[in-house]
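Beneath this line is the structure, given in structure tokens, with notes to follow.
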Amino acid sequence: MRCRVARVAVLSAGSWGTTMAKVFADAGSDVTIQPRRPEVVAEINVRHQNARYLPDIVLPDRLRATVVPVEALAGTRHVVLSIPAQALRANLAAWAAHIEPDAVVVSSMKGVETYSGLRMSEVIHQVTGIPFERIAVLSGPNLAREIAGGKPAASVIACPDETAAGALQKACHTPYFRPYTGTDVAGCELGGAIKNVIALAVGLVAGLGMGDNARALLVTRGLAETARLGQAMGADPLTFSGLAGAGDLIATCSSPLSRNRTFGEHLGQGMSMEEATTATGQTAEGVKSCRAVLDLSRVHGVEMPISEVVAAVIDGTTSVPDAAAALLSRTPKPEQYSI
């Protein structure tokens with residue numbers, strides 16, 4: 001008996017949304033992507049390209065685009081959300097009524113909502129009323145440009161319902177993209193959000209020319225910082241040694257394709273916030289999420305010195321040189337207890 005082809009809607013056509021749409025289509029799913037601009041719709045449907053975000057990448061024929069969210073959502077089994085984290089609530093309020101009753105909503109966003117401190121799955125649940133069993137998170141060391149080009153990568157699909165996670169796994173498994181499944185939604189979301197903040201710090205010291213040892217220090221201590229908050233919030237500590245933890249952190253902190261590392265590097269080289277935003281060209285989620293992450297740490301009584309310094313730079317209360325000095329001059333302690 002032939003399996004039913006999954007119908008997938010991807011809301012937003014930035015670099016990551018377009019990449020995930022390509023992955024699902026390459027895996028055999030029928031995919032509709034929803035850009036905001038009609039000219040992008042025409043480019044995808046006629047030329048099979050999204051040249052602004054993925055130049056030279058040819059998109060599959062079975063991937064089509066529409067500017068109308070209702071059309072994209074009709075009859076879909078999986079709804080992939082790939083928009084800036086701080087824009088989720090407003091957009092989702094407009095989309096919620098058109099999501100199919102049995103669809104699984106997939107968050108591919110890596111951020112924490114400012115002011116509320118909610119993770120993306122929590123925002124989805126709060127706005128739509130969709131039960132958590134039908135909300136999944138996709139997270140891992142996933143640099144969009146590499147995956148779109150067919151370079152090998154893996155990710156984690158976390159969902160409380162293992163059957164739903166398994167169906168998603170089948171719908172996006174390709175020779176170059178290997179999805180694993182899990183149930184630790186909180187751990188995957190926190191790993192994905194906090195690694196952006198750590199990547200900003202790594203970018204800062206890279207821009208200041210402080211070398212590989214300083215970068216390795218921040219990555220290592222950043223992972224410990226992430227795991228402490230995750231454990232305090234009920235996540236499985238082992239999640240942070242996997243793809244959604246260490247894997248994502250390493251990729252984001254080491255690659256020039258990383259928006260957050262690049263943004264931090266621009267600041268380290270002396271650019272203003274406005275100049276760094278223009279030079280980066282795409283949303284660096286850590287810029288918006290760092291304060292929310294720090295607020296969560298205070299609510300849960302977890303000290304996060306790297307996140308604290310990054311938030312101070314973004315807020316303009318600490319200069320980049322002073323931030324670098326603060327990051328690298330803390331009093332040494334035994335490593336198992338150090339902060």
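Please note that chains go A, B, ... in the order of the structure tokens, that every chain numbers its residues from 1, and that ligands are numbered from 1 in the order shown.
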request  = Would you please extract all helix (DSSP H, G or I) residues from region 92-240 of chain A, as assigned by DSSP on the backbone, and give them as JSON, numbers by chain?
outcome  = {"A": [92, 93, 94, 95, 96, 97, 98, 120, 121, 122, 123, 124, 125, 126, 127, 128, 132, 133, 134, 144, 145, 146, 147, 148, 162, 163, 164, 165, 166, 167, 168, 169, 170, 171, 185, 186, 187, 188, 189, 190, 191, 192, 193, 194, 195, 196, 197, 198, 199, 200, 201, 202, 203, 204, 205, 206, 207, 212, 213, 214, 215, 216, 217, 218, 219, 220, 221, 222, 223, 224, 225, 226, 227, 228, 229, 230, 231, 232, 237, 238, 239, 240]}
task = Excluding region 233-238 of chain A and any residue of its chain fewer than 3 positions from it, enumerate the residues within 8 Å of it, using only C-alpha atoms, and give them as a list of chain:residue names.
result =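 Surrounding residues, per the criterion: A:Asp184, A:Val185, A:Ala186, A:Gly187, A:Ala227, A:Leu229, A:Gly230, A:Ser241, A:Gly242, A:His300.
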message = One number please: CA of Pro256 (chain A) to CA of Ala13 (chain A), in Å, one decimal.
response = 21.5 Å
inquiry  = Give me, as a ChimeraX atom specification, all polymer residues having an atom no more than 10 Å from region 314-330 of chain A, counting only C-alpha atoms and skipping those fewer than 5 positions away in the same chain.
reply    = /A:200-202,204-205,207-208,210,214,217-218,264,267-270,272-273,286-288,290-291,305-309,338-339
query = In Å to one decimal, how far is CA of Gly149 (chain A) from CA of Asp56 (chain A)?
reply =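 Taking CA of Asp56 (chain A) as the start and CA of Gly149 (chain A) as the end point, the length is 8.9 Å.
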ask   = Residues at most 12 Å from Arg119 (chain A), counting only C-alpha atoms, excluding those fewer than 3 positions away in the same chain, as a count of residues only?
value = 37
request  = Would you mind listing what lies within 12 Å of region 162-175 of chain A as a VMD selection string, with only C-alpha atoms counted and same-chain residues fewer than 4 positions away left out?
outcome  = chain A and resid 3 to 8 19 to 31 77 to 80 102 to 106 132 to 138 147 to 148 150 to 158 179 to 185
query = What residues in region 12-64 of chain A get the DSSP label strand (DSSP E)? Please answer as a PyMOL selection string.
reply = chain A and resi 30-34+63-64
Generate the output file for the selected residues, C-alpha atoms, as a compact mmCIF listing (two decimals), in the first residue's frame.
```txt
# COMPACT_ATOMS: atom_id res chain seq x y z
CA ASP A 30 4.25 18.42 -1.32
CA VAL A 31 5.30 21.82 -0.02
CA THR A 32 3.76 25.27 -0.21
CA ILE A 33 5.84 28.19 1.03
CA GLN A 34 4.42 31.60 1.87
CA LEU A 63 7.82 23.27 -4.06
CA ARG A 64 5.36 26.04 -4.87
```
